[in-house]
$ cat work_30.txt   # compact mmCIF, C-alpha atoms
# COMPACT_ATOMS: atom_id res chain seq x y z
CA MET A 1 -28.56 -14.27 -10.76
CA ASP A 2 -29.42 -15.22 -14.34
CA ASP A 3 -27.42 -14.23 -17.43
CA GLU A 4 -29.57 -11.18 -18.11
CA GLU A 5 -29.15 -9.84 -14.56
CA LEU A 6 -25.45 -10.58 -14.71
CA GLY A 7 -25.20 -8.68 -17.99
CA ARG A 8 -26.94 -5.65 -16.46
CA TRP A 9 -24.62 -5.78 -13.45
CA HIS A 10 -21.55 -5.79 -15.73
CA ASP A 11 -22.93 -2.94 -17.83
CA GLU A 12 -23.51 -0.84 -14.70
CA PHE A 13 -20.12 -1.75 -13.26
CA ASP A 14 -18.40 -0.83 -16.53
CA ARG A 15 -20.28 2.49 -16.73
CA ARG A 16 -19.33 3.37 -13.14
CA GLU A 17 -15.66 2.32 -13.41
CA ARG A 18 -14.88 3.60 -16.92
CA PRO A 19 -13.91 7.20 -15.94
CA GLY A 20 -11.35 5.90 -13.44
CA ARG A 21 -9.85 3.53 -16.00
CA VAL A 22 -9.57 6.34 -18.57
CA GLU A 23 -7.93 8.62 -16.00
CA ARG A 24 -5.42 5.97 -14.92
CA ASN A 25 -4.61 5.05 -18.53
CA ALA A 26 -3.98 8.73 -19.34
CA ALA A 27 -1.67 8.97 -16.31
CA ILE A 28 0.33 5.97 -17.54
CA LEU A 29 0.74 7.53 -20.98
CA ARG A 30 2.07 10.70 -19.30
CA TRP A 31 4.51 8.67 -17.18
CA LEU A 32 5.82 6.92 -20.30
CA GLU A 33 6.31 10.13 -22.35
CA PRO A 34 10.01 10.57 -21.49
CA TYR A 35 10.85 7.01 -22.52
CA GLU A 36 11.21 5.31 -25.87
CA GLY A 37 11.34 1.72 -27.02
CA GLU A 38 11.11 -1.67 -25.42
CA PHE A 39 13.32 -3.49 -22.98
CA LEU A 40 14.44 -7.10 -22.63
CA GLY A 41 15.91 -7.13 -19.12
CA GLY A 42 14.98 -9.78 -16.59
CA GLY A 43 13.64 -12.26 -19.11
CA GLN A 44 10.17 -12.73 -20.47
CA GLU A 45 8.79 -12.88 -16.92
CA SER A 46 9.70 -9.24 -16.29
CA VAL A 47 8.07 -8.20 -19.57
CA LEU A 48 4.87 -10.01 -18.53
CA ALA A 49 5.00 -8.65 -14.97
CA LEU A 50 5.39 -5.06 -16.17
CA ALA A 51 2.47 -5.45 -18.60
CA GLU A 52 0.36 -6.97 -15.79
CA ALA A 53 1.34 -4.14 -13.43
CA ARG A 54 0.24 -1.56 -16.00
CA ASP A 55 -3.06 -3.30 -16.78
CA ALA A 56 -3.86 -3.96 -13.12
CA TYR A 57 -3.34 -0.27 -12.35
CA ILE A 58 -5.61 0.77 -15.22
CA TYR A 59 -8.34 -1.59 -14.04
CA GLY A 60 -8.11 -0.36 -10.45
CA LEU A 61 -6.39 -3.40 -8.92
CA PRO A 62 -3.69 -1.72 -6.82
CA PHE A 63 -2.57 -4.80 -4.87
CA ALA A 64 -1.98 -6.70 -8.09
CA SER A 65 -0.24 -3.72 -9.69
CA LEU A 66 2.05 -3.22 -6.68
CA PHE A 67 3.05 -6.89 -6.58
CA ALA A 68 3.57 -7.15 -10.35
CA SER A 69 5.70 -3.97 -10.33
CA HIS A 70 7.82 -5.48 -7.58
CA VAL A 71 8.23 -8.72 -9.56
CA ALA A 72 9.27 -6.83 -12.70
CA CYS A 73 11.84 -4.74 -10.80
CA GLU A 74 13.27 -7.72 -8.93
CA ARG A 75 13.68 -9.67 -12.17
CA ILE A 76 15.31 -6.75 -13.97
CA VAL A 77 17.84 -6.08 -11.18
CA ALA A 78 18.53 -9.81 -10.79
CA GLY A 79 19.20 -9.85 -14.53
CA PHE A 80 22.08 -7.43 -13.97
CA PHE A 81 23.82 -10.09 -11.88
CA ALA A 82 22.84 -12.97 -14.17
CA ALA A 83 24.79 -11.37 -17.02
CA LEU A 84 28.05 -11.69 -15.10
CA PRO A 85 30.31 -14.73 -14.72
CA ASP A 86 29.96 -16.73 -11.50
CA ASP A 87 33.18 -15.36 -10.00
CA ALA A 88 31.97 -11.76 -10.42
CA VAL A 89 28.75 -12.04 -8.38
CA PRO A 90 28.14 -12.45 -4.65
CA LYS A 91 27.46 -15.95 -3.39
CA GLY A 92 23.74 -16.70 -3.20
CA TRP A 93 22.66 -13.58 -5.14
CA ASP A 94 20.12 -15.69 -7.08
CA ARG A 95 18.12 -16.21 -3.87
CA TRP A 96 18.11 -12.54 -2.88
CA GLY A 97 15.03 -10.37 -3.03
CA LEU A 98 14.90 -6.82 -4.31
CA GLY A 99 15.82 -5.48 -0.86
CA ARG A 100 19.26 -7.14 -1.04
CA LEU A 101 19.82 -6.86 -4.77
CA VAL A 102 19.37 -3.08 -4.91
CA PRO A 103 22.11 -2.06 -2.42
CA GLU A 104 24.58 -4.41 -4.12
CA ALA A 105 23.66 -3.04 -7.56
CA ARG A 106 24.01 0.51 -6.21
CA THR A 107 27.45 -0.30 -4.77
CA ARG A 108 28.53 -1.53 -8.20
CA GLY A 109 27.34 1.73 -9.81
CA TRP A 110 24.50 0.12 -11.77
CA LEU A 111 21.78 2.23 -10.17
CA SER A 112 21.68 5.89 -9.25
CA GLU A 113 21.20 6.68 -5.58
CA ASP A 114 17.79 8.17 -6.35
CA LEU A 115 16.53 5.17 -8.34
CA ALA A 116 17.92 2.76 -5.74
CA GLY A 117 16.01 4.71 -3.08
CA GLU A 118 12.77 4.43 -5.08
CA LEU A 119 13.29 0.69 -5.50
CA LEU A 120 13.80 0.27 -1.76
CA VAL A 121 10.58 2.21 -1.08
CA LEU A 122 8.80 -0.17 -3.48
CA THR A 123 10.25 -3.11 -1.54
CA GLU A 124 8.97 -1.72 1.75
CA ARG A 125 5.50 -0.96 0.35
CA ARG A 126 5.25 -4.51 -0.99
CA ARG A 127 6.54 -5.93 2.28
CA VAL A 128 3.84 -4.16 4.29
CA VAL A 129 1.03 -5.65 2.19
CA GLY A 130 2.74 -9.02 1.69
CA HIS A 131 3.66 -9.86 5.29
CA PHE A 132 1.35 -9.80 8.27
CA ARG A 133 1.75 -7.10 10.88
CA ARG A 134 -0.65 -5.99 13.56
CA PRO A 135 -2.66 -3.10 12.07
CA LEU A 136 -1.50 -0.46 14.57
CA GLU A 137 1.97 -1.87 15.18
CA ARG A 138 4.76 0.63 14.88
CA ARG A 139 8.43 -0.16 14.76
CA ASP A 140 10.98 2.54 14.12
CA PHE A 141 12.75 0.43 11.51
CA ASP A 142 9.64 -0.70 9.58
CA PRO A 143 7.27 1.21 7.34
CA PRO A 144 3.82 1.56 8.89
CA THR A 145 1.01 -0.77 7.88
CA LEU A 146 -1.67 0.46 5.51
CA GLY A 147 -4.14 0.62 8.37
CA ARG A 148 -1.80 2.84 10.36
CA ARG A 149 -1.11 5.09 7.36
CA MET A 150 -4.83 5.45 6.76
CA GLY A 151 -5.39 6.32 10.43
CA GLU A 152 -2.60 8.90 10.31
CA ALA A 153 -4.14 10.46 7.18
CA PHE A 154 -7.49 10.77 8.95
CA TYR A 155 -5.76 12.24 12.01
CA ARG A 156 -4.11 14.90 9.83
CA GLY A 157 -7.57 15.75 8.46
CA GLU A 158 -6.83 14.43 4.98
CA GLU A 159 -9.71 12.81 3.14
CA SER A 160 -8.24 9.43 2.41
CA ASP A 161 -9.22 5.81 2.46
CA LEU A 162 -7.49 2.52 1.92
CA ALA A 163 -8.25 2.52 -1.82
CA ASP A 164 -6.63 5.96 -2.25
CA ILE A 165 -3.52 4.90 -0.33
CA LEU A 166 -3.22 1.65 -2.28
CA LEU A 167 -3.67 3.39 -5.65
CA SER A 168 -1.04 5.95 -4.68
CA ASP A 169 1.39 3.17 -3.70
CA ALA A 170 0.65 1.29 -6.93
CA ALA A 171 1.18 4.44 -9.00
CA GLN A 172 4.56 5.07 -7.36
CA ALA A 173 5.56 1.42 -7.84
CA LEU A 174 4.62 1.51 -11.52
CA ARG A 175 6.49 4.77 -12.15
CA THR A 176 9.56 3.22 -10.49
CA ALA A 177 9.27 0.09 -12.64
CA PHE A 178 8.96 2.20 -15.81
CA ARG A 179 12.00 4.23 -14.79
CA LEU A 180 14.04 1.08 -14.15
CA ALA A 181 12.96 -0.54 -17.42
CA TYR A 182 12.85 2.40 -19.82
CA SER A 183 15.00 5.32 -18.64
CA PRO A 184 17.63 6.09 -21.29
CA ASN A 185 20.19 7.15 -18.67
CA GLU A 186 19.74 4.80 -15.73
CA GLY A 187 18.20 1.52 -14.76
CA LEU A 188 18.54 -1.18 -17.39
CA ARG A 189 20.00 1.05 -20.11
CA GLY A 190 22.39 2.69 -17.67
CA TYR A 191 23.52 -0.76 -16.59
CA ILE A 192 24.12 -1.86 -20.19
CA ASP A 193 26.26 1.25 -20.75
CA ARG A 194 28.40 0.25 -17.77
CA LEU A 195 28.95 -3.40 -18.65
CA PRO A 196 32.49 -4.62 -18.03
CA PRO A 197 34.70 -4.75 -21.16
CA PHE A 198 34.61 -8.56 -21.35
CA LEU A 199 30.85 -8.42 -22.02
CA ASP A 200 31.01 -5.73 -24.73
$ encode --input "work_30.txt" --output "structure tokens"
Amino acid sequence: MDDEELGRWHDEFDRRERPGRVERNAAILRWLEPYEGEFLGGGQESVLALAEARDAYIYGLPFASLFASHVACERIVAGFFAALPDDAVPKGWDRWGLGRLVPEARTRGWLSEDLAGELLVLTERRRVVGHFRRPLERRDFDPPTLGRRMGEAFYRGEESDLADILLSDAAQALRTAFRLAYSPNEGLRGYIDRLPPFLD
């Protein structure tokens, strides 16, 4: 393919994909309406991960968006523990993933039950796409694989495909990350309001 053919391919691809990008960008603006300002929780890496999650969603890259949302959330919640002295945190917390950090943060009152639940759903969605499972495997204690969820959607007569399921998961992950990072009453700001007196 020469440069001219490549240019035509990109023009056609951009024309075909543009409506979806506009729609997803508009959705993100709606999701951010209740929130104001910036956040600094979880270090620069969480800021970058949240920006990447947003951009990946806009450009129709749901795997990348889901993973980047997970990274941003894990870094933000880990930052809650990092702000405390060593004798005030559980041993080994700095090697925990989001699935262990969230229940501990919830126990300490740093996360609402609802937000903690959303974060744990995000963890499970990321786990399904990040760790191998047989496509039709079902365990009562695990979330179903994407292949199984797609099959179940078809069985219920719902018009759905893998791309729809992945975009839906990515959208939910991104909304959860925004809530954790930007909500004025919970997440990072709620945590800051509950800091122990010695950190005020």
$ closest_residue --input "work_30.txt" --among "A:Leu84, A:Val121, A:Leu115, A:Leu32" --to "Gly99 (chain A)" --atoms "only C-alpha atoms"
A:Val121
$ closest_residue --input "work_30.txt" --among "A:Cys73, A:Ala27, A:Leu167, A:Leu111" --to "Asn185 (chain A)" --atoms "all atoms listed in the file"
A:Leu111
$ residues_near_point --input "work_30.txt" --point "(2.4, 6.6, -16.8)" --cutoff "9 Å" --atoms "only C-alpha atoms" --output "ChimeraX atom specification"
/A:24-33,54,171,174-175,178
$ closest_residue --input "work_30.txt" --among "A:Pro85, A:Gly187, A:Gly7, A:Pro62" --to "Arg106 (chain A)" --atoms "all atoms listed in the file"
A:Gly187
$ atom_distance --input "work_30.txt" --atom1 "CA of Leu61 (chain A)" --atom2 "CA of Val77 (chain A)"
24.5 Å
$ atom_distance --input "work_30.txt" --atom1 "CA of Leu119 (chain A)" --atom2 "CA of Ser69 (chain A)"
10.1 Å
$ atom_distance --input "work_30.txt" --atom1 "CA of Ala72 (chain A)" --atom2 "CA of Asp14 (chain A)"
28.6 Å
$ closest_residue --input "work_30.txt" --among "A:Glu186, A:Glu118, A:Glu52, A:Asp169" --to "Val71 (chain A)" --atoms "all atoms listed in the file"
A:Glu52
$ residues_around --input "work_30.txt" --residues "Leu101 (chain A)" --least-positions-apart "6" --cutoff "8 Å" --atoms "all atoms listed in the file" --output "VMD selection string"
chain A and resid 74 77 to 78 93
$ residues_around --input "work_30.txt" --residues "Ile76 (chain A)" --least-positions-apart "5" --cutoff "12 Å" --atoms "all atoms listed in the file" --output "count of residues only"
37
